[in-house]
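The structure file query.pdb is reproduced below (PDB, C-alpha atoms).
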```pdb
ATOM      1  CA  MET A  11     -66.527 -32.862 -80.362  1.00  0.00           C
ATOM      2  CA  ALA A  12     -66.090 -34.489 -76.934  1.00  0.00           C
ATOM      3  CA  THR A  13     -69.496 -36.203 -77.228  1.00  0.00           C
ATOM      4  CA  PHE A  14     -68.557 -37.558 -80.662  1.00  0.00           C
ATOM      5  CA  LEU A  15     -65.258 -38.913 -79.300  1.00  0.00           C
ATOM      6  CA  VAL A  16     -66.971 -40.543 -76.295  1.00  0.00           C
ATOM      7  CA  ILE A  17     -69.475 -42.257 -78.604  1.00  0.00           C
ATOM      8  CA  LEU A  18     -66.699 -43.372 -80.978  1.00  0.00           C
ATOM      9  CA  HIS A  19     -64.703 -44.627 -77.960  1.00  0.00           C
ATOM     10  CA  GLY A  20     -67.761 -46.606 -76.840  1.00  0.00           C
ATOM     11  CA  LEU A  21     -68.476 -48.052 -80.292  1.00  0.00           C
ATOM     12  CA  LEU A  22     -64.883 -49.212 -80.779  1.00  0.00           C
ATOM     13  CA  ALA A  23     -64.978 -50.688 -77.278  1.00  0.00           C
ATOM     14  CA  VAL A  24     -68.085 -52.690 -78.248  1.00  0.00           C
ATOM     15  CA  ALA A  25     -66.254 -54.045 -81.308  1.00  0.00           C
ATOM     16  CA  LEU A  26     -63.235 -54.959 -79.158  1.00  0.00           C
ATOM     17  CA  LEU A  27     -65.461 -56.524 -76.522  1.00  0.00           C
ATOM     18  CA  GLY A  28     -67.134 -58.791 -79.096  1.00  0.00           C
ATOM     19  CA  SER A  29     -63.897 -59.690 -80.820  1.00  0.00           C
ATOM     20  CA  ILE A  30     -61.836 -60.537 -77.738  1.00  0.00           C
ATOM     21  CA  THR A  31     -64.717 -62.373 -76.027  1.00  0.00           C
ATOM     22  CA  HIS A  32     -65.170 -64.494 -79.143  1.00  0.00           C
ATOM     23  CA  GLN A  33     -61.454 -65.291 -79.172  1.00  0.00           C
ATOM     24  CA  ALA A  34     -61.292 -66.005 -75.438  1.00  0.00           C
ATOM     25  CA  ILE A  35     -64.223 -68.424 -75.523  1.00  0.00           C
ATOM     26  CA  ALA A  36     -62.822 -70.139 -78.616  1.00  0.00           C
ATOM     27  CA  VAL A  37     -59.434 -70.661 -76.962  1.00  0.00           C
ATOM     28  CA  VAL A  38     -60.764 -71.827 -73.587  1.00  0.00           C
ATOM     29  CA  LEU A  39     -63.654 -73.959 -74.889  1.00  0.00           C
ATOM     30  CA  PRO A  40     -62.687 -74.921 -78.461  1.00  0.00           C
ATOM     31  CA  ALA A  41     -65.145 -76.910 -80.573  1.00  0.00           C
ATOM     32  CA  LYS A  42     -64.639 -78.807 -83.823  1.00  0.00           C
ATOM     33  CA  SER A  43     -68.292 -79.167 -84.756  1.00  0.00           C
ATOM     34  CA  LYS A  44     -70.165 -76.102 -85.957  1.00  0.00           C
ATOM     35  CA  ALA A  45     -73.587 -77.581 -85.230  1.00  0.00           C
ATOM     36  CA  GLY A  46     -75.669 -75.128 -83.242  1.00  0.00           C
ATOM     37  CA  PHE A  47     -75.032 -71.521 -82.208  1.00  0.00           C
ATOM     38  CA  PHE A  48     -72.753 -72.190 -79.221  1.00  0.00           C
ATOM     39  CA  ASN A  49     -70.587 -74.707 -81.093  1.00  0.00           C
ATOM     40  CA  ALA A  50     -70.319 -72.390 -84.082  1.00  0.00           C
ATOM     41  CA  TYR A  51     -69.378 -69.538 -81.738  1.00  0.00           C
ATOM     42  CA  ARG A  52     -66.526 -71.629 -80.280  1.00  0.00           C
ATOM     43  CA  ALA A  53     -65.332 -73.227 -83.521  1.00  0.00           C
ATOM     44  CA  VAL A  54     -63.707 -70.128 -84.994  1.00  0.00           C
ATOM     45  CA  SER A  55     -60.005 -69.718 -85.776  1.00  0.00           C
ATOM     46  CA  SER A  56     -58.843 -67.703 -82.770  1.00  0.00           C
ATOM     47  CA  ARG A  57     -55.687 -66.493 -84.452  1.00  0.00           C
ATOM     48  CA  VAL A  58     -57.503 -64.341 -87.009  1.00  0.00           C
ATOM     49  CA  TYR A  59     -58.647 -61.982 -84.206  1.00  0.00           C
ATOM     50  CA  VAL A  60     -55.156 -61.046 -83.023  1.00  0.00           C
ATOM     51  CA  ASN A  61     -54.306 -58.069 -85.237  1.00  0.00           C
ATOM     52  CA  ALA A  62     -57.839 -56.677 -85.005  1.00  0.00           C
ATOM     53  CA  ASN A  63     -57.754 -56.913 -81.209  1.00  0.00           C
ATOM     54  CA  VAL A  64     -54.350 -55.220 -80.981  1.00  0.00           C
ATOM     55  CA  ILE A  65     -55.435 -52.376 -83.277  1.00  0.00           C
ATOM     56  CA  LEU A  66     -58.801 -51.971 -81.519  1.00  0.00           C
ATOM     57  CA  PHE A  67     -57.196 -52.008 -78.060  1.00  0.00           C
ATOM     58  CA  LEU A  68     -54.717 -49.324 -79.145  1.00  0.00           C
ATOM     59  CA  ALA A  69     -57.462 -47.245 -80.782  1.00  0.00           C
ATOM     60  CA  VAL A  70     -59.792 -47.467 -77.753  1.00  0.00           C
ATOM     61  CA  ALA A  71     -56.940 -46.641 -75.341  1.00  0.00           C
ATOM     62  CA  LEU A  72     -55.809 -43.732 -77.525  1.00  0.00           C
ATOM     63  CA  LEU A  73     -59.323 -42.290 -77.717  1.00  0.00           C
ATOM     64  CA  GLY A  74     -59.705 -42.812 -73.978  1.00  0.00           C
ATOM     65  CA  GLY A  75     -56.470 -40.883 -73.481  1.00  0.00           C
ATOM     66  CA  VAL A  76     -57.767 -38.038 -75.645  1.00  0.00           C
ATOM     67  CA  ILE A  77     -61.033 -37.658 -73.704  1.00  0.00           C
ATOM     68  CA  TYR A  78     -59.458 -38.378 -70.306  1.00  0.00           C
ATOM     69  CA  PRO A  79     -58.735 -34.672 -69.482  1.00  0.00           C
ATOM     70  CA  ILE A  80     -62.466 -33.887 -69.703  1.00  0.00           C
ATOM     71  CA  TYR A  81     -63.155 -36.615 -67.160  1.00  0.00           C
ATOM     72  CA  ARG A  82     -60.347 -35.442 -64.897  1.00  0.00           C
ATOM     73  CA  VAL A  83     -61.411 -31.788 -64.807  1.00  0.00           C
ATOM     74  CA  TRP A  84     -65.201 -31.976 -64.913  1.00  0.00           C
ATOM     75  CA  VAL A  85     -66.546 -35.473 -64.272  1.00  0.00           C
ATOM     76  CA  ARG A  86     -64.229 -36.545 -61.465  1.00  0.00           C
ATOM     77  CA  THR A  87     -64.776 -33.233 -59.658  1.00  0.00           C
ATOM     78  CA  TYR A  88     -68.517 -33.812 -59.939  1.00  0.00           C
ATOM     79  CA  LEU A  89     -68.203 -37.379 -58.616  1.00  0.00           C
ATOM     80  CA  GLU A  90     -66.084 -36.267 -55.671  1.00  0.00           C
ATOM     81  CA  ASN A  91     -68.534 -33.515 -54.796  1.00  0.00           C
ATOM     82  CA  ALA A  92     -71.326 -36.107 -54.954  1.00  0.00           C
ATOM     83  CA  ARG A  93     -69.213 -38.341 -52.647  1.00  0.00           C
ATOM     84  CA  LEU A  94     -69.278 -41.180 -55.204  1.00  0.00           C
ATOM     85  CA  TYR A  95     -65.831 -42.389 -54.176  1.00  0.00           C
ATOM     86  CA  SER A  96     -66.372 -45.970 -55.330  1.00  0.00           C
ATOM     87  CA  ALA A  97     -67.100 -44.646 -58.838  1.00  0.00           C
ATOM     88  CA  VAL A  98     -63.886 -42.594 -58.752  1.00  0.00           C
ATOM     89  CA  GLY A  99     -62.002 -45.647 -57.484  1.00  0.00           C
ATOM     90  CA  ALA A 100     -63.478 -47.864 -60.197  1.00  0.00           C
ATOM     91  CA  PHE A 101     -62.183 -45.443 -62.833  1.00  0.00           C
ATOM     92  CA  GLU A 102     -58.755 -45.370 -61.155  1.00  0.00           C
ATOM     93  CA  VAL A 103     -58.603 -49.184 -61.277  1.00  0.00           C
ATOM     94  CA  LYS A 104     -59.766 -49.134 -64.914  1.00  0.00           C
ATOM     95  CA  GLU A 105     -57.000 -46.654 -65.769  1.00  0.00           C
ATOM     96  CA  GLN A 106     -54.339 -48.912 -64.254  1.00  0.00           C
ATOM     97  CA  PHE A 107     -55.738 -52.056 -65.918  1.00  0.00           C
ATOM     98  CA  ILE A 108     -55.738 -50.391 -69.336  1.00  0.00           C
ATOM     99  CA  ALA A 109     -52.088 -49.397 -68.852  1.00  0.00           C
ATOM    100  CA  ILE A 110     -51.166 -52.987 -67.887  1.00  0.00           C
ATOM    101  CA  GLY A 111     -53.134 -54.186 -70.934  1.00  0.00           C
ATOM    102  CA  LEU A 112     -51.089 -51.904 -73.184  1.00  0.00           C
ATOM    103  CA  GLY A 113     -47.927 -53.479 -71.801  1.00  0.00           C
ATOM    104  CA  LEU A 114     -49.329 -56.971 -72.441  1.00  0.00           C
ATOM    105  CA  LEU A 115     -49.989 -56.364 -76.155  1.00  0.00           C
ATOM    106  CA  PRO A 116     -46.500 -57.350 -77.430  1.00  0.00           C
ATOM    107  CA  LEU A 117     -46.712 -60.666 -75.529  1.00  0.00           C
ATOM    108  CA  TYR A 118     -50.288 -61.214 -76.702  1.00  0.00           C
ATOM    109  CA  TRP A 119     -49.205 -60.698 -80.311  1.00  0.00           C
ATOM    110  CA  LEU A 120     -46.217 -63.015 -79.862  1.00  0.00           C
ATOM    111  CA  VAL A 121     -48.059 -65.953 -78.314  1.00  0.00           C
ATOM    112  CA  TRP A 122     -50.656 -65.902 -81.083  1.00  0.00           C
ATOM    113  CA  ARG A 123     -48.485 -65.116 -84.095  1.00  0.00           C
ATOM    114  CA  ARG A 124     -45.642 -67.463 -83.125  1.00  0.00           C
ATOM    115  CA  PRO A 125     -47.435 -70.364 -81.428  1.00  0.00           C
ATOM    116  CA  GLU A 126     -45.012 -72.683 -79.639  1.00  0.00           C
ATOM    117  CA  PRO A 127     -45.813 -75.593 -77.298  1.00  0.00           C
ATOM    118  CA  GLY A 128     -44.252 -73.698 -74.362  1.00  0.00           C
ATOM    119  CA  GLY A 129     -46.555 -70.770 -74.974  1.00  0.00           C
ATOM    120  CA  ASP A 130     -49.899 -72.574 -74.689  1.00  0.00           C
ATOM    121  CA  SER A 131     -50.649 -71.551 -71.120  1.00  0.00           C
ATOM    122  CA  ALA A 132     -49.404 -68.004 -71.802  1.00  0.00           C
ATOM    123  CA  ARG A 133     -51.734 -67.772 -74.812  1.00  0.00           C
ATOM    124  CA  ILE A 134     -54.758 -68.667 -72.709  1.00  0.00           C
ATOM    125  CA  ALA A 135     -53.695 -66.522 -69.750  1.00  0.00           C
ATOM    126  CA  VAL A 136     -52.901 -63.371 -71.725  1.00  0.00           C
ATOM    127  CA  THR A 137     -56.094 -63.646 -73.772  1.00  0.00           C
ATOM    128  CA  LEU A 138     -58.215 -64.068 -70.631  1.00  0.00           C
ATOM    129  CA  MET A 139     -56.437 -61.179 -68.889  1.00  0.00           C
ATOM    130  CA  LEU A 140     -57.015 -58.853 -71.832  1.00  0.00           C
ATOM    131  CA  CYS A 141     -60.625 -60.047 -72.071  1.00  0.00           C
ATOM    132  CA  PHE A 142     -61.126 -59.271 -68.374  1.00  0.00           C
ATOM    133  CA  ILE A 143     -59.501 -55.828 -68.767  1.00  0.00           C
ATOM    134  CA  VAL A 144     -61.751 -54.988 -71.720  1.00  0.00           C
ATOM    135  CA  TRP A 145     -64.909 -56.126 -69.892  1.00  0.00           C
ATOM    136  CA  PHE A 146     -63.937 -54.270 -66.726  1.00  0.00           C
ATOM    137  CA  GLY A 147     -63.120 -51.101 -68.648  1.00  0.00           C
ATOM    138  CA  PHE A 148     -66.328 -51.309 -70.639  1.00  0.00           C
ATOM    139  CA  ILE A 149     -68.602 -51.809 -67.633  1.00  0.00           C
ATOM    140  CA  VAL A 150     -66.925 -49.067 -65.575  1.00  0.00           C
ATOM    141  CA  GLY A 151     -66.986 -46.664 -68.527  1.00  0.00           C
ATOM    142  CA  HIS A 152     -70.637 -47.453 -69.192  1.00  0.00           C
ATOM    143  CA  ILE A 153     -71.635 -46.900 -65.549  1.00  0.00           C
ATOM    144  CA  LEU A 154     -69.690 -43.629 -65.304  1.00  0.00           C
ATOM    145  CA  ASN A 155     -71.163 -42.396 -68.562  1.00  0.00           C
ATOM    146  CA  ASN A 156     -74.646 -42.947 -67.147  1.00  0.00           C
ATOM    147  CA  ILE A 157     -73.879 -42.259 -63.504  1.00  0.00           C
ATOM    148  CA  ARG A 158     -76.485 -39.570 -63.024  1.00  0.00           C
ATOM    149  CA  GLY A 159     -79.185 -41.963 -64.150  1.00  0.00           C
ATOM    150  CA  PHE A 160     -77.821 -44.857 -62.099  1.00  0.00           C
ATOM    151  CA  PHE A 161     -77.704 -42.833 -58.899  1.00  0.00           C
ATOM    152  CA  GLY A 162     -80.713 -40.590 -59.588  1.00  0.00           C
ATOM    153  CA  LEU A 163     -78.607 -37.413 -59.444  1.00  0.00           C
TER     154      LEU A 163
ATOM    155  CA  MET B  23     -38.555 -66.836 -83.234  1.00  0.00           C
ATOM    156  CA  ASN B  24     -35.793 -64.243 -83.166  1.00  0.00           C
ATOM    157  CA  THR B  25     -34.134 -62.979 -80.000  1.00  0.00           C
ATOM    158  CA  VAL B  26     -35.945 -59.625 -80.064  1.00  0.00           C
ATOM    159  CA  GLU B  27     -39.311 -61.424 -79.988  1.00  0.00           C
ATOM    160  CA  LYS B  28     -38.107 -63.482 -77.022  1.00  0.00           C
ATOM    161  CA  THR B  29     -37.863 -60.260 -75.011  1.00  0.00           C
ATOM    162  CA  PHE B  30     -41.604 -59.492 -75.418  1.00  0.00           C
ATOM    163  CA  PRO B  31     -42.525 -61.412 -72.226  1.00  0.00           C
ATOM    164  CA  VAL B  32     -39.758 -59.515 -70.409  1.00  0.00           C
ATOM    165  CA  PHE B  33     -41.172 -56.242 -71.754  1.00  0.00           C
ATOM    166  CA  SER B  34     -44.700 -57.068 -70.545  1.00  0.00           C
ATOM    167  CA  ALA B  35     -43.494 -58.067 -67.082  1.00  0.00           C
ATOM    168  CA  ALA B  36     -41.168 -55.068 -66.729  1.00  0.00           C
ATOM    169  CA  PHE B  37     -43.834 -52.676 -68.015  1.00  0.00           C
ATOM    170  CA  ALA B  38     -46.374 -53.807 -65.421  1.00  0.00           C
ATOM    171  CA  LEU B  39     -43.845 -53.730 -62.584  1.00  0.00           C
ATOM    172  CA  ILE B  40     -42.371 -50.330 -63.481  1.00  0.00           C
ATOM    173  CA  TYR B  41     -45.866 -48.962 -64.056  1.00  0.00           C
ATOM    174  CA  ILE B  42     -47.190 -49.837 -60.604  1.00  0.00           C
ATOM    175  CA  VAL B  43     -44.003 -48.495 -58.976  1.00  0.00           C
ATOM    176  CA  SER B  44     -44.376 -45.302 -61.061  1.00  0.00           C
ATOM    177  CA  VAL B  45     -47.961 -44.907 -59.856  1.00  0.00           C
ATOM    178  CA  GLU B  46     -47.095 -45.500 -56.220  1.00  0.00           C
ATOM    179  CA  LEU B  47     -43.952 -43.312 -56.180  1.00  0.00           C
ATOM    180  CA  ASN B  48     -45.222 -40.895 -58.849  1.00  0.00           C
ATOM    181  CA  TRP B  49     -42.379 -41.305 -61.342  1.00  0.00           C
ATOM    182  CA  ALA B  50     -44.142 -39.452 -64.140  1.00  0.00           C
ATOM    183  CA  LEU B  51     -41.815 -38.351 -66.924  1.00  0.00           C
ATOM    184  CA  PHE B  52     -44.127 -35.392 -67.557  1.00  0.00           C
ATOM    185  CA  THR B  53     -47.262 -33.772 -66.205  1.00  0.00           C
ATOM    186  CA  TYR B  54     -50.307 -32.512 -68.082  1.00  0.00           C
ATOM    187  CA  HIS B  55     -52.404 -29.658 -66.742  1.00  0.00           C
ATOM    188  CA  PRO B  56     -55.760 -30.258 -68.491  1.00  0.00           C
ATOM    189  CA  LYS B  57     -57.550 -27.108 -67.378  1.00  0.00           C
ATOM    190  CA  ILE B  58     -54.965 -24.801 -68.952  1.00  0.00           C
ATOM    191  CA  LYS B  59     -53.785 -27.381 -71.548  1.00  0.00           C
ATOM    192  CA  GLN B  60     -50.112 -27.138 -70.600  1.00  0.00           C
ATOM    193  CA  TRP B  61     -47.394 -29.788 -70.330  1.00  0.00           C
ATOM    194  CA  GLY B  62     -44.486 -29.834 -67.926  1.00  0.00           C
ATOM    195  CA  TRP B  63     -41.429 -32.050 -67.424  1.00  0.00           C
ATOM    196  CA  LEU B  64     -41.393 -34.594 -64.598  1.00  0.00           C
ATOM    197  CA  VAL B  65     -43.815 -34.309 -61.681  1.00  0.00           C
ATOM    198  CA  GLU B  66     -45.239 -30.824 -61.253  1.00  0.00           C
ATOM    199  CA  PRO B  67     -47.721 -29.592 -58.668  1.00  0.00           C
ATOM    200  CA  SER B  68     -51.004 -28.089 -59.832  1.00  0.00           C
ATOM    201  CA  ARG B  69     -50.700 -24.891 -61.883  1.00  0.00           C
ATOM    202  CA  ASP B  70     -54.460 -24.476 -62.222  1.00  0.00           C
ATOM    203  CA  GLY B  71     -56.864 -27.379 -61.762  1.00  0.00           C
ATOM    204  CA  PRO B  72     -55.870 -31.009 -61.201  1.00  0.00           C
ATOM    205  CA  PRO B  73     -52.587 -32.215 -62.753  1.00  0.00           C
ATOM    206  CA  MET B  74     -52.551 -35.490 -64.723  1.00  0.00           C
ATOM    207  CA  TYR B  75     -49.668 -37.945 -64.394  1.00  0.00           C
ATOM    208  CA  TRP B  76     -51.092 -40.983 -66.224  1.00  0.00           C
ATOM    209  CA  TYR B  77     -49.464 -40.131 -69.580  1.00  0.00           C
ATOM    210  CA  GLY B  78     -46.154 -39.621 -67.809  1.00  0.00           C
ATOM    211  CA  TRP B  79     -46.423 -42.950 -65.995  1.00  0.00           C
ATOM    212  CA  LEU B  80     -47.082 -44.722 -69.322  1.00  0.00           C
ATOM    213  CA  VAL B  81     -44.007 -43.215 -70.959  1.00  0.00           C
ATOM    214  CA  THR B  82     -41.835 -43.936 -67.902  1.00  0.00           C
ATOM    215  CA  SER B  83     -42.991 -47.560 -67.985  1.00  0.00           C
ATOM    216  CA  ALA B  84     -42.542 -47.959 -71.756  1.00  0.00           C
ATOM    217  CA  LEU B  85     -39.006 -46.549 -71.696  1.00  0.00           C
ATOM    218  CA  GLY B  86     -38.089 -48.527 -68.584  1.00  0.00           C
ATOM    219  CA  ALA B  87     -39.482 -51.765 -70.018  1.00  0.00           C
ATOM    220  CA  ALA B  88     -37.654 -51.162 -73.307  1.00  0.00           C
ATOM    221  CA  ALA B  89     -34.403 -50.694 -71.378  1.00  0.00           C
ATOM    222  CA  VAL B  90     -34.950 -53.878 -69.352  1.00  0.00           C
ATOM    223  CA  SER B  91     -35.744 -55.783 -72.577  1.00  0.00           C
ATOM    224  CA  ALA B  92     -32.541 -54.490 -74.175  1.00  0.00           C
ATOM    225  CA  ILE B  93     -30.539 -55.694 -71.153  1.00  0.00           C
ATOM    226  CA  ALA B  94     -32.273 -59.099 -71.344  1.00  0.00           C
ATOM    227  CA  LEU B  95     -31.574 -59.451 -75.083  1.00  0.00           C
ATOM    228  CA  PRO B  96     -28.123 -61.175 -74.821  1.00  0.00           C
ATOM    229  CA  LEU B  97     -29.317 -63.328 -71.912  1.00  0.00           C
ATOM    230  CA  LEU B  98     -32.135 -64.823 -74.010  1.00  0.00           C
ATOM    231  CA  LYS B  99     -30.018 -65.677 -77.061  1.00  0.00           C
ATOM    232  CA  ASN B 100     -29.779 -69.405 -76.292  1.00  0.00           C
ATOM    233  CA  ARG B 101     -32.774 -69.714 -73.988  1.00  0.00           C
ATOM    234  CA  PRO B 102     -36.507 -70.149 -74.577  1.00  0.00           C
ATOM    235  CA  ALA B 103     -38.804 -67.154 -74.267  1.00  0.00           C
ATOM    236  CA  PRO B 104     -39.870 -66.684 -70.614  1.00  0.00           C
ATOM    237  CA  TYR B 105     -43.589 -66.827 -71.360  1.00  0.00           C
ATOM    238  CA  ARG B 106     -44.647 -67.492 -67.784  1.00  0.00           C
ATOM    239  CA  LEU B 107     -42.860 -64.399 -66.480  1.00  0.00           C
ATOM    240  CA  GLY B 108     -44.689 -62.328 -69.093  1.00  0.00           C
ATOM    241  CA  TRP B 109     -48.167 -62.975 -67.745  1.00  0.00           C
ATOM    242  CA  ILE B 110     -47.674 -63.891 -64.071  1.00  0.00           C
ATOM    243  CA  VAL B 111     -46.033 -60.564 -63.175  1.00  0.00           C
ATOM    244  CA  PRO B 112     -48.786 -58.443 -64.841  1.00  0.00           C
ATOM    245  CA  LEU B 113     -51.424 -60.654 -63.174  1.00  0.00           C
ATOM    246  CA  LEU B 114     -49.867 -60.044 -59.751  1.00  0.00           C
ATOM    247  CA  VAL B 115     -49.667 -56.329 -60.515  1.00  0.00           C
ATOM    248  CA  MET B 116     -53.377 -56.322 -61.440  1.00  0.00           C
ATOM    249  CA  ILE B 117     -54.202 -57.960 -58.124  1.00  0.00           C
ATOM    250  CA  SER B 118     -52.040 -55.409 -56.299  1.00  0.00           C
ATOM    251  CA  VAL B 119     -53.956 -52.567 -57.981  1.00  0.00           C
ATOM    252  CA  GLY B 120     -57.048 -53.641 -56.053  1.00  0.00           C
ATOM    253  CA  TYR B 121     -55.036 -53.416 -52.834  1.00  0.00           C
ATOM    254  CA  PHE B 122     -53.417 -50.056 -53.570  1.00  0.00           C
ATOM    255  CA  PHE B 123     -56.738 -48.425 -54.495  1.00  0.00           C
ATOM    256  CA  ARG B 124     -58.831 -50.038 -51.770  1.00  0.00           C
ATOM    257  CA  SER B 125     -59.267 -46.752 -49.914  1.00  0.00           C
ATOM    258  CA  PHE B 126     -61.737 -45.525 -52.562  1.00  0.00           C
ATOM    259  CA  PHE B 127     -64.058 -48.427 -51.751  1.00  0.00           C
ATOM    260  CA  LEU B 128     -63.707 -48.313 -47.975  1.00  0.00           C
ATOM    261  CA  ARG B 129     -64.940 -44.758 -47.361  1.00  0.00           C
TER     262      ARG B 129
END
```
Output the file's structure as structure tokens, nothing else.
Amino acid sequence: MATFLVILHGLLAVALLGSITHQAIAVVLPAKSKAGFFNAYRAVSSRVYVNANVILFLAVALLGGVIYPIYRVWVRTYLENARLYSAVGAFEVKEQFIAIGLGLLPLYWLVWRRPEPGGDSARIAVTLMLCFIVWFGFIVGHILNNIRGFFGL
Amino acid sequence: MNTVEKTFPVFSAAFALIYIVSVELNWALFTYHPKIKQWGWLVEPSRDGPPMYWYGWLVTSALGAAAVSAIALPLLKNRPAPYRLGWIVPLLVMISVGYFFRSFFLR
């Protein structure tokens, strides 16, 4: 069951990663022309991603919370015994970033669903912060999931 | 935009601030003991295996941020939403996380 949940957590994270990266690039580097792959990638309507990103972020965080006890009891103990303190620290930072990301969701929803001139910079900033959190969480989770292979243990 | 929505930036800022204080001072509203699958109120020492406070910190922060937002509600009635506060405070908290957890990377 735990393996299934970890895989589901990873798959939903991939979907979130794609969705929020697409939105972030479209809001930072918008394009009107759809000629070519990069222009077409940037010329999407960023607002349509908002609800999907909120739901995916909540789902990924919830699944992460469900499988977290397994990490805390078994994986973290293993990492500490192997003296992989930077890996433990990376997960600690990921944990805090995800929590801050959860707190950012109401603002993220607001700045996209109720666009106002005063909220332009907030829209870009919050989207980039969430995008960074998702990328950081994904990379750390991926490395920890494969840590024995990465470090030849 | 209604007044409740104007408090969303306040919620995000308060959540991040209360969260990092909760982590540093361990203000967990409850503790989970994963090895024996038991819950306990507030901060408890280990019963068997490592205790987990993360869920407790999240709930402390959510309740605290909701309370701060409720207090801010009348203050924002005739004012614009404080968007900048809503992302600058969490950004500073994210930067501070790197500082607070630096010891893991300096061993």
May I ask you to extract the residues of chain B within 9 Å of chain A, using all atoms listed in the file, and to give them as a ChimeraX atom specification? /B:23,27-38,41-42,45,54-57,71-74,76-77,80,83-84,87,102-106,108-110,112-113,115-116,119-120,123-129
Where does the PyMOL selection byres ((chain B and resi 66) around 9) land in this file, that is, which residues does it pick, as a list in words?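 Output of the PyMOL selection byres ((chain B and resi 66) around 9): Phe52, Thr53, Tyr54, Gly62, Trp63, Leu64, Val65, Pro67, Ser68, Arg69, Pro73 and Tyr75 of chain B.
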Straight-line distance linking atom CA of B:Ser91 with atom CA of B:Val26, stated in Å to one decimal: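 Atom-to-atom, atom CA of B:Ser91 and atom CA of B:Val26 are spaced 8.4 Å apart.
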To test the calculation: enclose all listed atoms of stretch 62-81 of chain B in a box whose edges run along x, y and z, add 3 Å on each side, then state centre and edge lengths in Å to one decimal, as lines of an AutoDock Vina configuration file.
```
center_x = -49.1
center_y = -34.6
center_z = -64.8
size_x = 21.5
size_y = 26.2
size_z = 18.3
```
Counting only C-alpha atoms, note down every residue that has an atom within 12 Å of the point (-65.4, -69.5, -75.0) (file coordinates), as JSON, numbers by chain. {"A": [28, 29, 30, 31, 32, 33, 34, 35, 36, 37, 38, 39, 40, 41, 48, 49, 50, 51, 52, 53, 54, 56, 134, 137, 138, 141]}
Point-to-point distance in Å for atom CA of A:Ala69 and atom CA of A:Ala25: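 Computing the Euclidean distance for atom CA of A:Ala25 and atom CA of A:Ala69 yields 11.1 Å.
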Any idea what's packed within 9 Å of A:Ala71, counting only C-alpha atoms, ignoring anything in its chain fewer than 3 positions away? Could you give it as a PDB file with C-alpha atoms, in the coordinates of the input?
```
ATOM      1  CA  HIS A  19     -64.703 -44.627 -77.960  1.00  0.00           C
ATOM      2  CA  LEU A  66     -58.801 -51.971 -81.519  1.00  0.00           C
ATOM      3  CA  PHE A  67     -57.196 -52.008 -78.060  1.00  0.00           C
ATOM      4  CA  LEU A  68     -54.717 -49.324 -79.145  1.00  0.00           C
ATOM      5  CA  GLY A  74     -59.705 -42.812 -73.978  1.00  0.00           C
ATOM      6  CA  GLY A  75     -56.470 -40.883 -73.481  1.00  0.00           C
ATOM      7  CA  VAL A  76     -57.767 -38.038 -75.645  1.00  0.00           C
ATOM      8  CA  ILE A 108     -55.738 -50.391 -69.336  1.00  0.00           C
ATOM      9  CA  ALA A 109     -52.088 -49.397 -68.852  1.00  0.00           C
ATOM     10  CA  LEU A 112     -51.089 -51.904 -73.184  1.00  0.00           C
TER      11      LEU A 112
END
```
When you count all atoms listed in the file, which of these residues is closest to B:Asp70: B:Ile58, B:Leu114, B:Val90, B:Leu97?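 Answer, going by the shortest atom-to-atom distance: B:Ile58.
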Using Å and a single decimal, report how far atom CA of B:Leu98 sits from atom CA of B:Thr82.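 Here the two named atoms are 23.8 Å from each other.
Each of B:Ile117, B:Ala50, B:Val43, B:Ala92 was checked against B:Gly78 using only C-alpha atoms; the smallest atom-to-atom distance is that of B:Ala50.
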Any idea what's packed within 9 Å of A:Val70, counting all atoms listed in the file, ignoring anything in its chain fewer than 6 positions away? Could you give it as a ChimeraX atom specification? /A:18-20,22-23,26
Residues within 10 Å of (-69.9, -38.9, -65.0), counting only C-alpha atoms, listed as a ChimeraX atom specification: /A:81,84-89,97-98,151-159
